[in-house]
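Pasting coords35.cif here (mmCIF, C-alpha atoms):
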```
data_entry
loop_
_atom_site.group_PDB
_atom_site.id
_atom_site.type_symbol
_atom_site.label_atom_id
_atom_site.label_comp_id
_atom_site.auth_asym_id
_atom_site.auth_seq_id
_atom_site.Cartn_x
_atom_site.Cartn_y
_atom_site.Cartn_z
ATOM 1 C CA MET A 1 7.467 -30.485 -55.854
ATOM 2 C CA GLY A 2 4.577 -31.277 -53.481
ATOM 3 C CA ASN A 3 7.031 -31.446 -50.532
ATOM 4 C CA LYS A 4 8.472 -28.036 -51.475
ATOM 5 C CA VAL A 5 5.007 -26.427 -51.615
ATOM 6 C CA GLY A 6 4.158 -28.024 -48.272
ATOM 7 C CA LEU A 7 7.368 -26.714 -46.735
ATOM 8 C CA MET A 8 6.719 -23.221 -48.177
ATOM 9 C CA CYS A 9 3.204 -23.289 -46.704
ATOM 10 C CA GLN A 10 4.577 -24.307 -43.303
ATOM 11 C CA VAL A 11 7.185 -21.502 -43.403
ATOM 12 C CA LEU A 12 4.515 -18.959 -44.408
ATOM 13 C CA LEU A 13 2.197 -20.163 -41.652
ATOM 14 C CA LEU A 14 5.013 -19.957 -39.103
ATOM 15 C CA PHE A 15 5.873 -16.459 -40.341
ATOM 16 C CA ALA A 16 2.226 -15.357 -40.153
ATOM 17 C CA ALA A 17 1.872 -16.832 -36.646
ATOM 18 C CA SER A 18 5.056 -15.066 -35.467
ATOM 19 C CA PHE A 19 3.847 -11.788 -36.981
ATOM 20 C CA LEU A 20 0.502 -12.111 -35.196
ATOM 21 C CA LEU A 21 2.268 -12.903 -31.916
ATOM 22 C CA VAL A 22 4.531 -9.852 -32.249
ATOM 23 C CA CYS A 23 1.535 -7.616 -33.146
ATOM 24 C CA SER A 24 -0.426 -9.004 -30.222
ATOM 25 C CA SER A 25 2.458 -8.429 -27.755
ATOM 26 C CA ALA A 26 3.027 -4.894 -29.072
ATOM 27 C CA GLY A 27 -0.720 -4.217 -28.816
ATOM 28 C CA GLN A 28 -0.820 -5.526 -25.246
ATOM 29 C CA ALA A 29 2.226 -3.426 -24.278
ATOM 30 C CA GLU A 30 0.609 -0.310 -25.766
ATOM 31 C CA GLN A 31 -2.645 -1.138 -23.980
ATOM 32 C CA GLY A 32 -0.672 -1.616 -20.734
ATOM 33 C CA ASP A 33 1.110 1.745 -21.174
ATOM 34 C CA LYS A 34 -2.217 3.492 -21.830
ATOM 35 C CA SER A 35 -3.762 1.849 -18.785
ATOM 36 C CA VAL A 36 -0.834 2.879 -16.542
ATOM 37 C CA LEU A 37 -0.981 6.421 -17.924
ATOM 38 C CA GLN A 38 -4.719 6.544 -17.286
ATOM 39 C CA THR A 39 -4.195 5.322 -13.696
ATOM 40 C CA GLU A 40 -1.526 7.988 -13.146
ATOM 41 C CA ASN A 41 -3.896 10.672 -14.470
ATOM 42 C CA GLU A 42 -6.644 9.421 -12.148
ATOM 43 C CA MET A 43 -4.274 9.525 -9.170
ATOM 44 C CA LEU A 44 -3.114 13.028 -10.047
ATOM 45 C CA LYS A 45 -6.704 14.261 -10.282
ATOM 46 C CA ILE A 46 -7.527 12.781 -6.871
ATOM 47 C CA GLU A 47 -4.373 14.248 -5.353
ATOM 48 C CA GLN A 48 -5.053 17.704 -6.826
ATOM 49 C CA ALA A 49 -8.629 17.531 -5.528
ATOM 50 C CA ARG A 50 -7.243 16.590 -2.095
ATOM 51 C CA ASP A 51 -4.851 19.584 -2.170
ATOM 52 C CA GLN A 52 -7.786 21.928 -2.834
ATOM 53 C CA VAL A 53 -10.072 20.293 -0.309
ATOM 54 C CA LEU A 54 -7.407 20.477 2.430
ATOM 55 C CA GLN A 55 -7.032 24.220 1.965
ATOM 56 C CA GLN A 56 -10.814 24.685 1.904
ATOM 57 C CA ARG A 57 -11.253 22.361 4.915
ATOM 58 C CA ASP A 58 -14.071 20.571 3.088
ATOM 59 C CA VAL A 59 -14.433 17.648 5.493
ATOM 60 C CA ALA A 60 -17.337 16.044 3.573
ATOM 61 C CA LEU A 61 -15.258 15.771 0.396
ATOM 62 C CA LEU A 62 -12.218 14.554 2.325
ATOM 63 C CA ASP A 63 -14.421 11.851 3.819
ATOM 64 C CA GLN A 64 -15.013 10.603 0.254
ATOM 65 C CA ILE A 65 -11.353 10.794 -0.743
ATOM 66 C CA TYR A 66 -9.842 9.134 2.345
ATOM 67 C CA SER A 67 -10.213 5.401 2.896
ATOM 68 C CA ASP A 68 -11.814 4.403 6.204
ATOM 69 C CA GLN A 69 -8.506 2.698 7.043
ATOM 70 C CA LEU A 70 -6.421 5.810 6.396
ATOM 71 C CA VAL A 71 -2.957 5.852 7.985
ATOM 72 C CA PHE A 72 -1.784 9.450 8.211
ATOM 73 C CA VAL A 73 1.653 10.229 9.634
ATOM 74 C CA ASN A 74 2.405 13.936 9.912
ATOM 75 C CA THR A 75 5.831 15.543 9.745
ATOM 76 C CA ARG A 76 6.170 15.242 13.542
ATOM 77 C CA GLY A 77 5.822 11.468 13.322
ATOM 78 C CA HIS A 78 2.337 11.358 14.845
ATOM 79 C CA LEU A 79 -0.084 8.740 13.556
ATOM 80 C CA PHE A 80 -3.708 9.685 12.857
ATOM 81 C CA THR A 81 -6.751 7.652 11.857
ATOM 82 C CA LYS A 82 -9.306 8.993 9.390
ATOM 83 C CA ALA A 83 -11.650 10.058 12.218
ATOM 84 C CA GLN A 84 -8.877 11.937 14.045
ATOM 85 C CA ARG A 85 -7.668 13.589 10.869
ATOM 86 C CA LEU A 86 -11.137 14.754 9.823
ATOM 87 C CA ALA A 87 -11.955 15.933 13.349
ATOM 88 C CA ASP A 88 -8.724 17.996 13.525
ATOM 89 C CA LEU A 89 -9.414 19.582 10.144
ATOM 90 C CA GLY A 90 -13.067 20.211 10.978
ATOM 91 C CA ALA A 91 -12.165 21.831 14.296
ATOM 92 C CA GLY A 92 -9.504 24.020 12.684
ATOM 93 C CA LYS A 93 -6.648 22.368 14.619
ATOM 94 C CA VAL A 94 -4.958 21.911 11.242
ATOM 95 C CA GLU A 95 -5.132 24.684 8.672
ATOM 96 C CA TYR A 96 -3.369 24.705 5.329
ATOM 97 C CA PHE A 97 -2.431 28.192 4.130
ATOM 98 C CA SER A 98 -0.594 26.826 1.127
ATOM 99 C CA TYR A 99 -0.025 23.328 -0.094
ATOM 100 C CA ASN A 100 2.147 22.640 -3.136
ATOM 101 C CA GLN A 101 3.318 19.327 -4.455
ATOM 102 C CA ASP A 102 5.576 18.364 -7.339
ATOM 103 C CA GLY A 103 8.098 15.765 -8.492
ATOM 104 C CA TYR A 104 5.506 13.006 -8.667
ATOM 105 C CA VAL A 105 6.711 9.452 -9.261
ATOM 106 C CA TYR A 106 4.182 6.649 -9.703
ATOM 107 C CA ASP A 107 4.593 2.916 -9.268
ATOM 108 C CA VAL A 108 1.498 1.020 -10.388
ATOM 109 C CA TYR A 109 0.923 -2.534 -9.111
ATOM 110 C CA GLY A 110 -2.532 -3.525 -10.368
ATOM 111 C CA ASP A 111 -5.036 -1.775 -8.088
ATOM 112 C CA THR A 112 -2.290 -0.396 -5.842
ATOM 113 C CA VAL A 113 -0.452 2.791 -6.702
ATOM 114 C CA VAL A 114 2.547 4.096 -4.786
ATOM 115 C CA MET A 115 2.779 7.799 -5.505
ATOM 116 C CA THR A 116 5.757 9.772 -4.264
ATOM 117 C CA GLY A 117 6.293 13.489 -4.424
ATOM 118 C CA GLN A 118 7.665 16.512 -2.667
ATOM 119 C CA THR A 119 5.483 18.806 -0.615
ATOM 120 C CA SER A 120 6.104 22.336 0.501
ATOM 121 C CA SER A 121 3.375 23.720 2.675
ATOM 122 C CA VAL A 122 2.560 26.337 5.252
ATOM 123 C CA VAL A 123 0.397 24.734 7.897
ATOM 124 C CA LYS A 124 -1.002 25.820 11.220
ATOM 125 C CA PHE A 125 -0.997 22.783 13.485
ATOM 126 C CA GLN A 126 -2.524 23.201 16.956
ATOM 127 C CA GLY A 127 -1.897 26.954 16.877
ATOM 128 C CA ARG A 128 1.680 26.776 15.589
ATOM 129 C CA SER A 129 2.677 27.753 12.062
ATOM 130 C CA ILE A 130 4.861 25.165 10.368
ATOM 131 C CA ASN A 131 6.713 25.556 7.092
ATOM 132 C CA SER A 132 7.410 22.052 5.930
ATOM 133 C CA ARG A 133 9.091 20.342 3.016
ATOM 134 C CA GLY A 134 9.159 16.621 2.602
ATOM 135 C CA SER A 135 8.755 13.519 0.489
ATOM 136 C CA SER A 136 5.863 11.185 0.951
ATOM 137 C CA PRO A 137 4.633 7.922 -0.501
ATOM 138 C CA MET A 138 0.953 7.148 -0.811
ATOM 139 C CA SER A 139 -0.699 3.852 -1.454
ATOM 140 C CA THR A 140 -4.271 3.025 -2.378
ATOM 141 C CA MET B 1 -56.491 -33.643 8.753
ATOM 142 C CA GLN B 2 -58.816 -30.669 8.810
ATOM 143 C CA ASN B 3 -58.174 -27.640 6.589
ATOM 144 C CA SER B 4 -57.429 -25.255 9.458
ATOM 145 C CA GLU B 5 -55.020 -27.742 11.030
ATOM 146 C CA TYR B 6 -53.320 -28.281 7.644
ATOM 147 C CA ARG B 7 -52.936 -24.517 7.151
ATOM 148 C CA TYR B 8 -51.477 -24.195 10.662
ATOM 149 C CA MET B 9 -48.960 -26.981 10.010
ATOM 150 C CA THR B 10 -48.003 -25.389 6.687
ATOM 151 C CA LYS B 11 -47.374 -22.061 8.426
ATOM 152 C CA VAL B 12 -45.253 -23.760 11.097
ATOM 153 C CA ARG B 13 -43.261 -25.573 8.382
ATOM 154 C CA ASP B 14 -42.729 -22.317 6.436
ATOM 155 C CA ALA B 15 -41.692 -20.471 9.591
ATOM 156 C CA ALA B 16 -39.257 -23.261 10.473
ATOM 157 C CA LEU B 17 -37.809 -23.200 6.938
ATOM 158 C CA LEU B 18 -37.415 -19.420 7.079
ATOM 159 C CA ALA B 19 -35.741 -19.655 10.491
ATOM 160 C CA PHE B 20 -33.304 -22.271 9.154
ATOM 161 C CA MET B 21 -32.543 -20.087 6.137
ATOM 162 C CA VAL B 22 -31.906 -17.017 8.301
ATOM 163 C CA LEU B 23 -29.745 -19.116 10.640
ATOM 164 C CA GLY B 24 -27.863 -20.450 7.613
ATOM 165 C CA VAL B 25 -27.191 -16.936 6.312
ATOM 166 C CA ILE B 26 -26.050 -15.743 9.773
ATOM 167 C CA CYS B 27 -23.745 -18.754 10.171
ATOM 168 C CA SER B 28 -22.360 -18.169 6.681
ATOM 169 C CA VAL B 29 -21.657 -14.479 7.431
ATOM 170 C CA PHE B 30 -19.981 -15.373 10.747
ATOM 171 C CA ALA B 31 -17.963 -18.120 9.024
ATOM 172 C CA GLN B 32 -16.805 -15.683 6.328
ATOM 173 C CA ASP B 33 -15.942 -13.084 8.949
ATOM 174 C CA SER B 34 -14.024 -15.610 10.995
ATOM 175 C CA THR B 35 -12.195 -16.863 7.887
ATOM 176 C CA LYS B 36 -11.293 -13.262 6.992
ATOM 177 C CA HIS B 37 -9.925 -12.602 10.507
ATOM 178 C CA GLU B 38 -7.901 -15.827 10.332
ATOM 179 C CA SER B 39 -6.660 -14.926 6.864
ATOM 180 C CA ASP B 40 -5.727 -11.381 8.021
ATOM 181 C CA ALA B 41 -3.949 -12.816 11.084
ATOM 182 C CA GLN B 42 -2.066 -15.233 8.836
ATOM 183 C CA THR B 43 -1.106 -12.389 6.467
ATOM 184 C CA GLN B 44 0.126 -10.281 9.402
ATOM 185 C CA LYS B 45 2.300 -13.180 10.578
ATOM 186 C CA GLU B 46 3.739 -13.523 7.080
ATOM 187 C CA ILE B 47 4.473 -9.779 6.855
ATOM 188 C CA LEU B 48 6.167 -9.730 10.281
ATOM 189 C CA ALA B 49 8.243 -12.755 9.270
ATOM 190 C CA VAL B 50 9.277 -11.045 6.020
ATOM 191 C CA ASP B 51 10.137 -7.824 7.883
ATOM 192 C CA ASN B 52 12.241 -9.743 10.425
ATOM 193 C CA GLU B 53 13.944 -11.517 7.537
ATOM 194 C CA ARG B 54 14.653 -8.086 6.046
ATOM 195 C CA TYR B 55 16.287 -6.858 9.280
ATOM 196 C CA GLU B 56 18.381 -10.056 9.481
ATOM 197 C CA ALA B 57 19.431 -9.605 5.849
ATOM 198 C CA MET B 58 20.422 -5.995 6.586
ATOM 199 C CA LYS B 59 22.415 -6.952 9.694
ATOM 200 C CA ASN B 60 24.212 -9.763 7.849
ATOM 201 C CA ARG B 61 24.479 -7.825 4.579
ATOM 202 C CA ASP B 62 22.877 -10.788 2.834
ATOM 203 C CA MET B 63 22.395 -9.123 -0.531
ATOM 204 C CA ALA B 64 20.686 -12.107 -2.184
ATOM 205 C CA ALA B 65 17.967 -11.992 0.496
ATOM 206 C CA MET B 66 17.797 -8.186 0.258
ATOM 207 C CA ASP B 67 17.243 -8.490 -3.500
ATOM 208 C CA ARG B 68 14.475 -11.070 -3.007
ATOM 209 C CA LEU B 69 12.641 -9.146 -0.264
ATOM 210 C CA HIS B 70 12.534 -5.762 -2.034
ATOM 211 C CA ALA B 71 10.536 -4.999 -5.182
ATOM 212 C CA ASP B 72 12.444 -3.686 -8.183
ATOM 213 C CA GLY B 73 10.340 -0.510 -8.009
ATOM 214 C CA LEU B 74 11.162 0.114 -4.315
ATOM 215 C CA VAL B 75 10.652 3.667 -3.045
ATOM 216 C CA PHE B 76 12.546 4.114 0.220
ATOM 217 C CA ILE B 77 12.352 7.438 2.062
ATOM 218 C CA ASN B 78 14.596 7.757 5.096
ATOM 219 C CA THR B 79 14.208 10.093 8.084
ATOM 220 C CA LYS B 80 16.190 12.778 6.265
ATOM 221 C CA GLY B 81 13.543 12.841 3.501
ATOM 222 C CA ARG B 82 15.984 11.318 1.027
ATOM 223 C CA MET B 83 14.363 9.094 -1.573
ATOM 224 C CA LEU B 84 16.287 5.986 -2.604
ATOM 225 C CA ASN B 85 15.515 3.409 -5.280
ATOM 226 C CA LYS B 86 16.264 -0.290 -4.808
ATOM 227 C CA ALA B 87 19.786 -0.121 -6.262
ATOM 228 C CA GLU B 88 20.712 2.876 -4.082
ATOM 229 C CA TYR B 89 19.197 1.383 -0.933
ATOM 230 C CA LEU B 90 20.864 -2.000 -1.411
ATOM 231 C CA GLU B 91 24.193 -0.267 -2.097
ATOM 232 C CA GLU B 92 23.921 1.609 1.234
ATOM 233 C CA VAL B 93 23.445 -1.722 3.022
ATOM 234 C CA ARG B 94 26.135 -3.536 1.018
ATOM 235 C CA SER B 95 28.738 -0.767 1.526
ATOM 236 C CA GLY B 96 27.999 -0.470 5.261
ATOM 237 C CA ALA B 97 26.810 3.156 4.940
ATOM 238 C CA LEU B 98 23.603 1.956 6.626
ATOM 239 C CA LYS B 99 24.009 -0.363 9.614
ATOM 240 C CA PHE B 100 21.442 -1.534 12.137
ATOM 241 C CA LEU B 101 23.195 -1.759 15.533
ATOM 242 C CA SER B 102 19.985 -2.910 17.246
ATOM 243 C CA VAL B 103 16.397 -3.513 16.181
ATOM 244 C CA GLU B 104 13.450 -2.525 18.384
ATOM 245 C CA THR B 105 9.979 -2.071 16.928
ATOM 246 C CA ASP B 106 6.453 -1.969 18.362
ATOM 247 C CA ASP B 107 2.962 -0.473 17.977
ATOM 248 C CA TYR B 108 2.238 -2.302 14.744
ATOM 249 C CA HIS B 109 -0.893 -1.609 12.705
ATOM 250 C CA PHE B 110 -1.799 -3.633 9.623
ATOM 251 C CA TYR B 111 -4.187 -2.778 6.813
ATOM 252 C CA THR B 112 -4.779 -5.564 4.312
ATOM 253 C CA TYR B 113 -6.151 -4.920 0.831
ATOM 254 C CA GLY B 114 -5.923 -8.280 -0.956
ATOM 255 C CA ASP B 115 -2.299 -8.780 -1.971
ATOM 256 C CA THR B 116 -1.304 -5.368 -0.602
ATOM 257 C CA VAL B 117 -0.531 -4.757 3.065
ATOM 258 C CA ILE B 118 0.229 -1.420 4.685
ATOM 259 C CA MET B 119 2.136 -1.827 7.919
ATOM 260 C CA SER B 120 2.685 1.049 10.278
ATOM 261 C CA GLY B 121 4.799 0.905 13.403
ATOM 262 C CA ARG B 122 7.234 2.630 15.725
ATOM 263 C CA ALA B 123 10.971 1.938 15.753
ATOM 264 C CA LYS B 124 13.542 2.647 18.435
ATOM 265 C CA SER B 125 16.291 0.816 16.575
ATOM 266 C CA VAL B 126 19.814 2.188 16.745
ATOM 267 C CA VAL B 127 21.078 2.902 13.260
ATOM 268 C CA GLU B 128 24.452 4.058 12.021
ATOM 269 C CA TYR B 129 24.024 6.074 8.840
ATOM 270 C CA HIS B 130 27.111 7.412 7.064
ATOM 271 C CA GLY B 131 29.038 7.299 10.334
ATOM 272 C CA LEU B 132 26.398 9.038 12.466
ATOM 273 C CA VAL B 133 24.494 7.051 15.088
ATOM 274 C CA ASN B 134 20.756 7.719 15.244
ATOM 275 C CA LYS B 135 18.815 6.554 18.310
ATOM 276 C CA LYS B 136 15.783 8.780 17.806
ATOM 277 C CA PRO B 137 12.384 7.055 17.755
ATOM 278 C CA ARG B 138 10.589 7.111 14.435
ATOM 279 C CA ARG B 139 7.246 6.201 12.935
ATOM 280 C CA PHE B 140 7.463 4.074 9.829
ATOM 281 C CA THR B 141 4.996 3.087 7.135
ATOM 282 C CA SER B 142 5.788 0.141 4.872
ATOM 283 C CA VAL B 143 3.846 -1.175 1.899
ATOM 284 C CA PHE B 144 4.225 -4.847 0.985
ATOM 285 C CA ILE B 145 2.825 -6.513 -2.142
ATOM 286 C CA LYS B 146 2.760 -10.243 -2.832
ATOM 287 C CA MET B 147 4.495 -10.910 -6.155
ATOM 288 C CA GLN B 148 4.910 -14.429 -7.541
ATOM 289 C CA GLY B 149 4.167 -15.840 -4.094
ATOM 290 C CA GLN B 150 6.707 -13.636 -2.270
ATOM 291 C CA TRP B 151 5.852 -10.599 -0.123
ATOM 292 C CA ARG B 152 8.135 -7.760 -1.180
ATOM 293 C CA LEU B 153 8.626 -4.276 0.236
ATOM 294 C CA VAL B 154 7.547 -1.731 -2.388
ATOM 295 C CA ALA B 155 7.543 1.481 -0.325
ATOM 296 C CA HIS B 156 8.856 2.614 3.052
ATOM 297 C CA GLN B 157 8.909 5.938 4.797
ATOM 298 C CA ALA B 158 10.332 6.770 8.198
ATOM 299 C CA THR B 159 9.591 10.002 10.081
ATOM 300 C CA LEU B 160 11.258 11.091 13.333
ATOM 301 C CA ILE B 161 8.831 11.368 16.255
ATOM 302 C CA ALA B 162 9.206 14.921 17.519
ATOM 303 C CA ASP B 163 8.111 14.627 21.158
ATOM 304 C CA GLU B 164 9.697 11.336 22.254
#
```

Conversion result in structure tokens:
Amino acid sequence: MGNKVGLMCQVLLLFAASFLLVCSSAGQAEQGDKSVLQTENEMLKIEQARDQVLQQRDVALLDQIYSDQLVFVNTRGHLFTKAQRLADLGAGKVEYFSYNQDGYVYDVYGDTVVMTGQTSSVVKFQGRSINSRGSSPMST
Amino acid sequence: MQNSEYRYMTKVRDAALLAFMVLGVICSVFAQDSTKHESDAQTQKEILAVDNERYEAMKNRDMAAMDRLHADGLVFINTKGRMLNKAEYLEEVRSGALKFLSVETDDYHFYTYGDTVIMSGRAKSVVEYHGLVNKKPRRFTSVFIKMQGQWRLVAHQATLIADE
């Protein structure tokens, strides 16, 4: 009788422990999903702010958004640093008449986010108007 | 010892202590800086080695190595603006739709953010893609992340260089 009660207690304890483990894993997964979703929302906000700022040529705000180590490759395959990019925008060498993005895909790796999307824009680059469409990844 | 002499000696001792402390802080900052440069240089070597391994794997169609060197969430954008996931990219290599006939890269730039490295460079490699040979120079940007001790490519974009 005593052995049976002991065995029952052990089974109940095991069951309770398994239940807690499952709840904990489900809770962590939900927490993880929320955190990823929050990161994606943050990225989208920054990207939308960048879209606006580019069209307004607000160099001071762009300075805050861009990392000092920015790597910017334009559609002609030219590489620009942050200083070059801000100087070109400030001087009006690059002007965005329209800038639309969609089809965002996010890949979140801790503090790094790879964001991919499609851009269609009308840009004046060094006096020439360029209609461009393309895909681009971004990492922070 | 007279009071004035004692005070003078105390001041000298304090000044010497302060100088040692300042020297210690400067040395520590330089040591950290030097360690960071060494660590960045080491990381760059590792990334170049992984990228070379990737080219070798592509040339030899070594799919086990290709699987190991690319993250499951790979985003690969080729010069035509086509976005491929890992399965699609590996299938292009496996089937021979994408072949590297020669590999030539230069003008590397590295940006290290902990376990994330952004590598930018220029490629003049000759590539056969779906039967068409492409020799045009291109600028590429690759993002590598260290996962379980292995650097893996998580994103890559190549753009044709217009004026070269």

Neighbours of chain A in chain B at 9 Å, counting all atoms listed in the file, as a PDB file with C-alpha atoms, in the coordinates of the input:
```
ATOM      1  CA  GLY B  73      10.340  -0.510  -8.009  1.00  0.00           C
ATOM      2  CA  LEU B  74      11.162   0.114  -4.315  1.00  0.00           C
ATOM      3  CA  VAL B  75      10.652   3.667  -3.045  1.00  0.00           C
ATOM      4  CA  PHE B  76      12.546   4.114   0.220  1.00  0.00           C
ATOM      5  CA  ILE B  77      12.352   7.438   2.062  1.00  0.00           C
ATOM      6  CA  LYS B  80      16.190  12.778   6.265  1.00  0.00           C
ATOM      7  CA  GLY B  81      13.543  12.841   3.501  1.00  0.00           C
ATOM      8  CA  ARG B  82      15.984  11.318   1.027  1.00  0.00           C
ATOM      9  CA  MET B  83      14.363   9.094  -1.573  1.00  0.00           C
ATOM     10  CA  TYR B 111      -4.187  -2.778   6.813  1.00  0.00           C
ATOM     11  CA  TYR B 113      -6.151  -4.920   0.831  1.00  0.00           C
ATOM     12  CA  THR B 116      -1.304  -5.368  -0.602  1.00  0.00           C
ATOM     13  CA  ILE B 118       0.229  -1.420   4.685  1.00  0.00           C
ATOM     14  CA  SER B 120       2.685   1.049  10.278  1.00  0.00           C
ATOM     15  CA  ARG B 138      10.589   7.111  14.435  1.00  0.00           C
ATOM     16  CA  ARG B 139       7.246   6.201  12.935  1.00  0.00           C
ATOM     17  CA  PHE B 140       7.463   4.074   9.829  1.00  0.00           C
ATOM     18  CA  THR B 141       4.996   3.087   7.135  1.00  0.00           C
ATOM     19  CA  VAL B 143       3.846  -1.175   1.899  1.00  0.00           C
ATOM     20  CA  ILE B 145       2.825  -6.513  -2.142  1.00  0.00           C
ATOM     21  CA  VAL B 154       7.547  -1.731  -2.388  1.00  0.00           C
ATOM     22  CA  ALA B 155       7.543   1.481  -0.325  1.00  0.00           C
ATOM     23  CA  HIS B 156       8.856   2.614   3.052  1.00  0.00           C
ATOM     24  CA  GLN B 157       8.909   5.938   4.797  1.00  0.00           C
ATOM     25  CA  ALA B 158      10.332   6.770   8.198  1.00  0.00           C
ATOM     26  CA  THR B 159       9.591  10.002  10.081  1.00  0.00           C
ATOM     27  CA  LEU B 160      11.258  11.091  13.333  1.00  0.00           C
ATOM     28  CA  ILE B 161       8.831  11.368  16.255  1.00  0.00           C
ATOM     29  CA  ALA B 162       9.206  14.921  17.519  1.00  0.00           C
ATOM     30  CA  ASP B 163       8.111  14.627  21.158  1.00  0.00           C
TER      31      ASP B 163
END
```

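Take atom CA of Leu48 of chain B and atom CA of Glu164 of chain B: the distance between them is 24.5 Å.
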
* Mind pulling up the distance from atom CA of Ala49 of chain A to atom CA of Asn100 of chain A? ->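 These two atoms are separated by 12.2 Å.
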
* Could you please give me, as a ChimeraX atom specification, the residues of protein, DNA or RNA lying at most 10 Å from (13.0, -10.7, 6.6) in the coordinate frame of the file, considering all atoms listed in the file? => /B:46-58,65-66,68-70,151-152

* Using all atoms listed in the file, which of A:Ala60, A:Val122, A:Ala83, A:Ile65 sits nearest Met43 of chain A? ->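 Smallest distance to Met43 of chain A is found for A:Ile65.
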
So for segment 109-113 of chain B, what box centre and size do we get, axis-aligned, 8 Å extra on each of the six sides, every listed atom, Å to one decimal, as JSON?
```
{"center_x": -3.5, "center_y": -3.6, "center_z": 6.8, "size_x": 21.3, "size_y": 20.0, "size_z": 27.9}
```

* Asked: Taking all atoms listed in the file into account, which of A:Leu61, A:Ser35, A:Gln126, A:Asn41 comes nearest Val94 of chain A?
  -> A:Gln126

* To do: One decimal, Å: what's the distance from atom CA of Ser98 of chain A over to atom CA of Ser121 of chain A, could you say?
  =>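 Atom-to-atom, atom CA of Ser98 of chain A and atom CA of Ser121 of chain A are spaced 5.3 Å apart.
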
For Ala97 of chain B, list every protein, DNA or RNA residue within 10 Å, evaluated using all atoms listed in the file, and leave out those in the same chain fewer than 4 positions away; present the list as a PDB file with C-alpha atoms, in the coordinates of the input.
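Produced file around-v6.pdb, reproduced below:
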```
ATOM      1  CA  TYR B  89      19.197   1.383  -0.933  1.00  0.00           C
ATOM      2  CA  GLU B  91      24.193  -0.267  -2.097  1.00  0.00           C
ATOM      3  CA  GLU B  92      23.921   1.609   1.234  1.00  0.00           C
ATOM      4  CA  VAL B  93      23.445  -1.722   3.022  1.00  0.00           C
ATOM      5  CA  GLU B 128      24.452   4.058  12.021  1.00  0.00           C
ATOM      6  CA  TYR B 129      24.024   6.074   8.840  1.00  0.00           C
ATOM      7  CA  HIS B 130      27.111   7.412   7.064  1.00  0.00           C
ATOM      8  CA  GLY B 131      29.038   7.299  10.334  1.00  0.00           C
ATOM      9  CA  LEU B 132      26.398   9.038  12.466  1.00  0.00           C
TER      10      LEU B 132
END
```

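Against the coordinates shown, the PyMOL selection byres ((chain B and resi 125) around 6) returns B:Ser102, B:Val103, B:Glu104, B:Ala123, B:Lys124, B:Val126.
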
* To do: Would you mind telling me which residue in A:Val36, A:Leu89, A:Val113, A:Leu44 lies nearest to Phe125 of chain A when using all atoms listed in the file?
  =>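 Selected residue with least distance to Phe125 of chain A: A:Leu89.
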
* Would you translate the PyMOL selection byres ((chain A and resi 54) around 10) into the concrete set of residues it matches in this file, as a list in words? =>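 That expression, the PyMOL selection byres ((chain A and resi 54) around 10), corresponds here to Gln48, Ala49, Arg50, Asp51, Gln52, Val53, Gln55, Gln56, Arg57, Asp58, Val59, Leu61, Leu62, Leu89, Val94, Glu95, Tyr96, Phe97, Ser98 and Tyr99 of chain A.
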
Just to be explicit: take each residue in the selection above, keep C-alpha atoms, and write the result as an mmCIF file, in the frame of the given file.
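Final output, out-v8.cif:
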```
data_model
loop_
_atom_site.group_PDB
_atom_site.id
_atom_site.type_symbol
_atom_site.label_atom_id
_atom_site.label_comp_id
_atom_site.auth_asym_id
_atom_site.auth_seq_id
_atom_site.Cartn_x
_atom_site.Cartn_y
_atom_site.Cartn_z
ATOM 1 C CA GLN A 48 -5.053 17.704 -6.826
ATOM 2 C CA ALA A 49 -8.629 17.531 -5.528
ATOM 3 C CA ARG A 50 -7.243 16.590 -2.095
ATOM 4 C CA ASP A 51 -4.851 19.584 -2.170
ATOM 5 C CA GLN A 52 -7.786 21.928 -2.834
ATOM 6 C CA VAL A 53 -10.072 20.293 -0.309
ATOM 7 C CA GLN A 55 -7.032 24.220 1.965
ATOM 8 C CA GLN A 56 -10.814 24.685 1.904
ATOM 9 C CA ARG A 57 -11.253 22.361 4.915
ATOM 10 C CA ASP A 58 -14.071 20.571 3.088
ATOM 11 C CA VAL A 59 -14.433 17.648 5.493
ATOM 12 C CA LEU A 61 -15.258 15.771 0.396
ATOM 13 C CA LEU A 62 -12.218 14.554 2.325
ATOM 14 C CA LEU A 89 -9.414 19.582 10.144
ATOM 15 C CA VAL A 94 -4.958 21.911 11.242
ATOM 16 C CA GLU A 95 -5.132 24.684 8.672
ATOM 17 C CA TYR A 96 -3.369 24.705 5.329
ATOM 18 C CA PHE A 97 -2.431 28.192 4.130
ATOM 19 C CA SER A 98 -0.594 26.826 1.127
ATOM 20 C CA TYR A 99 -0.025 23.328 -0.094
#
```

* Report as a list in words the residues that result from applying the PyMOL selection byres ((chain B and resi 108) around 6) to the structure here. =>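 On this input, the PyMOL selection byres ((chain B and resi 108) around 6) captures Asp106, Asp107, His109, Ser120 and Gly121 of chain B.
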